[in-house]
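Contents: one structure, followed by commentary.
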Amino acid sequence: MHQLDYVPAGKELYHGLWMQHKCYNVRIPHLFGFGFLDGHHARASTQANMPGEITVTGFTSRDVRFPTSLDRTGSDAMNAAGDYSAAYCVLETDAQHSGHGMTFTIGRGNDLVCAAINHVAERVRGRTLSSLVANWGQTWRFLVSDSQLRWIGPEKGVIHLALGAVVNALWDLWAKVLGKPVWRVVADMTPEQLVDCIDFRYITDAITRDEALAMLRAREHGKTARLRDALENLAVPAYTTSAGWLGYGEDKLRHLLREALDQGYKHFKLKVGGSLDEDRRRLSIARDVIGYDRGNVLMIDANQVWSVPEAVEHMRYLSDFKPWFIEEPTSPDDIVGHKTVRDALKPLGVGVATGEMCQNRVIFKQLLQMGAIDVCQIDACRLGGVNEVLAVLLMAAKYGVPVVPHSGGVGLPEYTQHLSTIDYVVVSGKRSVLEYVDHLHEHFLHPSAIKDGYYQTPLEPGYSVEMKPESMDRYEFPGEEGVSWWRSEEAKPILEGPKV
Ligand SMILES: [Mg+2]
């Protein structure tokens with residue numbers, strides 16, 4: 001059994017830590033009754049402290065693509081040559097703040113998500129921020145309720161990816177106005193305020209509002225200590241996928257694994273799903289470097305390449321490498337298939353993980369109800385933003401399944417560090433691990449960072465995905481002549497090469 005709740009030895013309660021923390025020294029009057037930055041939980045009158053009302057005056061979408069296919073970063077059994085991309089939604093306001101949200105894609109089609117963002121964001125134009133966040137669950141329902149747009153979902157596919165970008169942009173804006181990181185906005189909510197963020201339609205057969213409330217109230221016990229862990233950067237242990245992309249050669253794999261080991265990582269994920277011989281060779285290298293008995297954990301990811309019988313068969317030949325789980329063994333829509341694979345692999349000691357392409361809370365509900373997964377891999381933008389993620393976190397906690405978010409993509413670690421912190425501090429109360437890929441962070445104003453194997457808890461106000469303006473201009477697609485990389489000679493091998 002894997003120990004998921006790592007409680008570091010010698011971490012005693014440290015009263016008043018957050019009072020002293022640099023980020024929380026600033027007092028900013030709150031909006032909507034969620035307290036002050038210095039950690040006071042006093043809930044003063046909402047109206048008394050409300051600064052001038054903020055209105056969403058407009059929005060832009062931006063198609064930003066990084067040419068990662070050139071060196072096959074991000075390559076796996078299904079996605080041979082992705083260009084890590086972000087479909088951005090920037091909400092403009094009549095105040096100093098703007099809201100930044102994005103959805104991750106891997107290149108072609110990013111423009112489709114941008115087009116859909118324009119449709120969804122139109123629904124918040126002219127709305128005040130306070131009216132949007134006063135009853136978040138209702139706002140989320142409103143955003144998925146344009147009947148004509150719903151037809152091209154519902155709540156899945158391109159329109160839902162766009163919803164994630166818009167909803168997350170609203171959270172970013174709200175958190176910036178409150179002067180807090182998004183995780184802290186949620187951590188400072190009462191259980192009632194948190195459940196009011198959720199649209200419970202379609203999931204009440206798995207979890208009701210009252211059950212969620214009872215769980216959150218029970219979890220208040222120990223929350224102060226967990227909050228302190230977060231402020232000491234001990235809430236979210238990281239695992240790395242950066243060594244194990246399928247397109248990397250064996251020497252590079254060995255070298256990157258050693259490097260990650262030296263950096264303090266204990267969890268390592270490798271892509272599989274090529275030939276059996278190739279998979280066995282790569283996993284042998286991995287176990288050669290990380291060992292079997294040094295407390296290091298191996299995970300593997302097939303990115304949906306197998307049918308259900310193939311997944312079972314292939315994994316019988318890989319189980320001797322003792323992976324904690326096989327991720328995405330088959331189609332993300334196949335709930336019964338995951339259950340079949342899980343049942344078959346249980347005697348071999350291998351778990352099943354999925355979620356990065358699960359389209360909404362309904363699929364997660366069924367995976368959890370059926371006992372089809374050992375690990376729940378939420379995605380920050382494939383789900384419809386923070387609100388739907390909260391719904392899935394609560395269901396996973398109810399069913400006792402650890403949450404290990406999908407984070408292998410540009411901007412995803414920036415997002416998911418907030419979600420894993422929320423899960424630990426507020427929802428499950430248990431430490432899990434969170435994927436980290438060491439690519440493209442330099443383009444963000446407040447990049448995520450790992451130290452000694454842990455995510456460094458984000459403290460800047462917002463949702464951490466705001467990109468540097470010069471990076472956006474440089475990698476905008478198709479971009480401006482003389483500005484965008486995509487107009488350069490270097491881009492021609494991608495633009496004119498085969499589409500794989
Ligand atoms: Mg994966």
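To be explicit about the labels: the chains of the structure tokens are called A, B, and onward in the order shown, and within each one the residues are counted from 1, while ligands get numbers from 1 in the order they are shown.
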
Selection within 12 Å of ligand 1 by only C-alpha atoms and all ligand atoms, output as a VMD selection string: chain A and resid 74 to 79 240 to 242 244 to 246 269 to 273 299 to 305 325 to 330 332 352 to 358 376 to 379 404 to 409 435 to 437

Could you save the residues just selected, with C-alpha atoms, as a short mmCIF file (atom, residue, chain, number, x, y, z; two decimals), in the first residue's frame?
```cif
data_model
loop_
_atom_site.label_atom_id
_atom_site.label_comp_id
_atom_site.auth_asym_id
_atom_site.auth_seq_id
_atom_site.Cartn_x
_atom_site.Cartn_y
_atom_site.Cartn_z
CA GLY A 74 4.98 15.95 -23.96
CA SER A 75 4.99 12.97 -26.30
CA ASP A 76 3.14 9.82 -25.34
CA ALA A 77 1.52 6.79 -26.91
CA MET A 78 -1.47 8.76 -28.19
CA ASN A 79 -0.11 12.28 -28.55
CA THR A 240 7.62 14.34 -12.06
CA THR A 241 6.67 13.27 -15.57
CA SER A 242 9.44 15.28 -17.18
CA GLY A 244 9.47 9.86 -19.04
CA TRP A 245 8.08 11.22 -22.30
CA LEU A 246 7.84 8.47 -24.88
CA LYS A 269 5.81 8.69 -14.00
CA LEU A 270 6.72 7.13 -17.32
CA LYS A 271 4.77 6.92 -20.51
CA VAL A 272 4.07 3.41 -21.80
CA GLY A 273 1.92 1.95 -24.53
CA MET A 299 3.61 5.28 -12.04
CA ILE A 300 2.87 4.58 -15.68
CA ASP A 301 0.57 6.19 -18.22
CA ALA A 302 -0.78 4.65 -21.44
CA ASN A 303 -2.81 7.66 -22.64
CA GLN A 304 -5.79 5.58 -23.82
CA VAL A 305 -4.05 3.45 -26.46
CA PHE A 325 -1.08 2.64 -11.05
CA ILE A 326 -1.69 2.49 -14.77
CA GLU A 327 -3.10 5.80 -15.94
CA GLU A 328 -5.63 6.04 -18.78
CA PRO A 329 -5.47 2.36 -19.75
CA THR A 330 -8.37 2.84 -22.18
CA PRO A 332 -11.79 8.01 -20.87
CA VAL A 352 -6.10 2.29 -12.11
CA ALA A 353 -6.06 6.06 -12.56
CA THR A 354 -7.89 8.31 -14.95
CA GLY A 355 -9.47 11.73 -15.28
CA GLU A 356 -7.43 14.09 -17.45
CA MET A 357 -9.89 13.61 -20.30
CA CYS A 358 -13.00 13.00 -18.22
CA CYS A 376 -8.95 10.46 -9.38
CA GLN A 377 -7.15 12.74 -11.82
CA ILE A 378 -9.07 15.98 -12.10
CA ASP A 379 -8.07 18.50 -14.73
CA VAL A 404 -3.86 13.28 -8.06
CA PRO A 405 -4.58 16.08 -10.54
CA HIS A 406 -3.49 16.00 -14.15
CA SER A 407 -0.84 18.62 -14.50
CA GLY A 408 1.22 17.73 -17.56
CA GLY A 409 0.77 20.77 -19.73
CA GLU A 435 2.24 16.06 -11.17
CA TYR A 436 4.89 18.57 -12.19
CA VAL A 437 6.40 19.07 -15.61
#
```

Helix (DSSP H, G or I) residues, from DSSP on the backbone, in segment 298-483 of chain A, as an MDAnalysis selection string: chainID A and resid 308:316 319:321 335:348 361:369 385:398 412:427 441:443 469:475

Spatial neighbours of Ala260 of chain A, max dist 10 Å, only C-alpha atoms, sep filter under 6 positions, as a PyMOL selection string: chain A and resi 239-243+266-268+290+453

Keeping only N, CA and C atoms, write the selected residues as a PDB file, in the first residue's frame.
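What landed in again35.pdb:
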```pdb
ATOM      1  N   TYR A 239       5.213  15.028  -8.018  1.00  0.00           N
ATOM      2  CA  TYR A 239       5.861  13.947  -8.772  1.00  0.00           C
ATOM      3  C   TYR A 239       6.212  14.471 -10.148  1.00  0.00           C
ATOM      4  N   THR A 240       7.159  13.825 -10.777  1.00  0.00           N
ATOM      5  CA  THR A 240       7.620  14.341 -12.059  1.00  0.00           C
ATOM      6  C   THR A 240       7.281  13.395 -13.213  1.00  0.00           C
ATOM      7  N   THR A 241       6.877  14.001 -14.313  1.00  0.00           N
ATOM      8  CA  THR A 241       6.674  13.268 -15.566  1.00  0.00           C
ATOM      9  C   THR A 241       7.736  13.681 -16.572  1.00  0.00           C
ATOM     10  N   SER A 242       8.536  14.665 -16.197  1.00  0.00           N
ATOM     11  CA  SER A 242       9.439  15.279 -17.179  1.00  0.00           C
ATOM     12  C   SER A 242      10.470  14.316 -17.745  1.00  0.00           C
ATOM     13  N   ALA A 243      10.795  13.251 -16.988  1.00  0.00           N
ATOM     14  CA  ALA A 243      11.818  12.332 -17.472  1.00  0.00           C
ATOM     15  C   ALA A 243      11.266  11.344 -18.490  1.00  0.00           C
ATOM     16  N   LYS A 266      10.249  11.711  -5.210  1.00  0.00           N
ATOM     17  CA  LYS A 266      10.074  10.323  -4.769  1.00  0.00           C
ATOM     18  C   LYS A 266       9.093   9.567  -5.670  1.00  0.00           C
ATOM     19  N   HIS A 267       8.391  10.299  -6.506  1.00  0.00           N
ATOM     20  CA  HIS A 267       7.399   9.698  -7.407  1.00  0.00           C
ATOM     21  C   HIS A 267       7.770  10.037  -8.849  1.00  0.00           C
ATOM     22  N   PHE A 268       7.718   9.038  -9.713  1.00  0.00           N
ATOM     23  CA  PHE A 268       8.159   9.216 -11.101  1.00  0.00           C
ATOM     24  C   PHE A 268       7.151   8.553 -12.030  1.00  0.00           C
ATOM     25  N   ILE A 290      15.787   4.229  -9.867  1.00  0.00           N
ATOM     26  CA  ILE A 290      15.085   4.612  -8.621  1.00  0.00           C
ATOM     27  C   ILE A 290      14.997   3.468  -7.612  1.00  0.00           C
ATOM     28  N   GLY A 453      11.101  18.558  -3.303  1.00  0.00           N
ATOM     29  CA  GLY A 453      10.019  17.625  -3.618  1.00  0.00           C
ATOM     30  C   GLY A 453       8.625  18.140  -3.321  1.00  0.00           C
TER      31      GLY A 453
END
```

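Of note, atom CA of Ser61 of chain A and atom CA of Cys114 of chain A are spaced 5.6 Å apart.
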
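Counting from atom CA of Val113 of chain A, the distance to atom CA of Glu460 of chain A is 27.5 Å.
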
One-decimal distance in Å that lies between atom CA of Leu91 of chain A and atom CA of Ala165 of chain A: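 Atom-to-atom, atom CA of Ala165 of chain A to atom CA of Leu91 of chain A, that is 10.3 Å.
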
Residue neighbourhood Gly400 of chain A, 10 Å, only C-alpha atoms, exclusion window fewer than 2 positions, as a ChimeraX atom specification: /A:368,374-375,394-398,402-403,428

Can you list, as a JSON list (two decimals) with N, CA and C atoms, in the first residue's frame, every protein, DNA or RNA residue that comes within 10 Å of Leu149 of chain A when you count only C-alpha atoms, leaving out same-chain residues fewer than 4 positions away?
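As a result, result.json now contains:
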```json
[["chain", "number", "residue", "atom", "x", "y", "z"],
["A", 116, "ALA", "N", -14.90, 29.49, -29.04],
["A", 116, "ALA", "CA", -15.95, 29.14, -28.07],
["A", 116, "ALA", "C", -15.86, 30.04, -26.83],
["A", 119, "HIS", "N", -17.93, 33.06, -27.20],
["A", 119, "HIS", "CA", -19.36, 32.86, -26.96],
["A", 119, "HIS", "C", -19.68, 32.84, -25.46],
["A", 120, "VAL", "N", -18.88, 32.10, -24.70],
["A", 120, "VAL", "CA", -19.18, 31.93, -23.27],
["A", 120, "VAL", "C", -18.92, 33.24, -22.52],
["A", 143, "LEU", "N", -23.96, 29.89, -16.84],
["A", 143, "LEU", "CA", -22.96, 29.85, -17.92],
["A", 143, "LEU", "C", -23.09, 28.61, -18.81],
["A", 144, "VAL", "N", -23.70, 27.54, -18.30],
["A", 144, "VAL", "CA", -23.88, 26.35, -19.15],
["A", 144, "VAL", "C", -25.31, 26.27, -19.71],
["A", 145, "SER", "N", -26.08, 27.33, -19.55],
["A", 145, "SER", "CA", -27.50, 27.25, -19.87],
["A", 145, "SER", "C", -27.92, 28.03, -21.11],
["A", 153, "GLY", "N", -22.52, 20.73, -26.64],
["A", 153, "GLY", "CA", -21.90, 19.99, -25.54],
["A", 153, "GLY", "C", -22.70, 18.71, -25.35],
["A", 154, "PRO", "N", -23.58, 18.60, -24.36],
["A", 154, "PRO", "CA", -23.67, 19.55, -23.26],
["A", 154, "PRO", "C", -22.61, 19.24, -22.20],
["A", 155, "GLU", "N", -22.00, 20.32, -21.71],
["A", 155, "GLU", "CA", -21.00, 20.22, -20.65],
["A", 155, "GLU", "C", -19.89, 19.24, -21.02],
["A", 159, "ILE", "N", -16.86, 23.30, -26.05],
["A", 159, "ILE", "CA", -17.60, 24.33, -25.33],
["A", 159, "ILE", "C", -17.30, 24.28, -23.83],
["A", 160, "HIS", "N", -17.03, 23.08, -23.32],
["A", 160, "HIS", "CA", -16.73, 22.95, -21.89],
["A", 160, "HIS", "C", -15.28, 23.38, -21.59]]
```

Would you give me, as JSON lines, each residue of segment 332-433 of chain A having an atom within 8 Å of an atom of segment 215-236 of chain A, along with its shortest atom pair and that distance in Å to one decimal, using only C-alpha atoms and sorting by chain and residue number?
```
{"residue": "A:Lys398", "atom": "CA", "partner": "A:Met215", "partner_atom": "CA", "distance": 7.9}
{"residue": "A:Gln417", "atom": "CA", "partner": "A:Val236", "partner_atom": "CA", "distance": 7.4}
{"residue": "A:Ser420", "atom": "CA", "partner": "A:Val236", "partner_atom": "CA", "distance": 6.5}
{"residue": "A:Thr421", "atom": "CA", "partner": "A:Ala235", "partner_atom": "CA", "distance": 6.1}
{"residue": "A:Tyr424", "atom": "CA", "partner": "A:Ala235", "partner_atom": "CA", "distance": 6.7}
{"residue": "A:Val425", "atom": "CA", "partner": "A:Arg226", "partner_atom": "CA", "distance": 5.2}
{"residue": "A:Val426", "atom": "CA", "partner": "A:Arg219", "partner_atom": "CA", "distance": 6.6}
{"residue": "A:Val427", "atom": "CA", "partner": "A:Leu216", "partner_atom": "CA", "distance": 6.3}
{"residue": "A:Ser428", "atom": "CA", "partner": "A:Arg219", "partner_atom": "CA", "distance": 7.4}
{"residue": "A:Gly429", "atom": "CA", "partner": "A:Arg219", "partner_atom": "CA", "distance": 6.6}
{"residue": "A:Arg431", "atom": "CA", "partner": "A:Ala235", "partner_atom": "CA", "distance": 6.5}
{"residue": "A:Ser432", "atom": "CA", "partner": "A:Val236", "partner_atom": "CA", "distance": 6.8}
{"residue": "A:Val433", "atom": "CA", "partner": "A:Val236", "partner_atom": "CA", "distance": 6.1}
```

Counting only C-alpha atoms, the residue of A:Met102, A:Gly295, A:Glu122, A:Gly247 that sits nearest Glu278 of chain A: A:Gly247
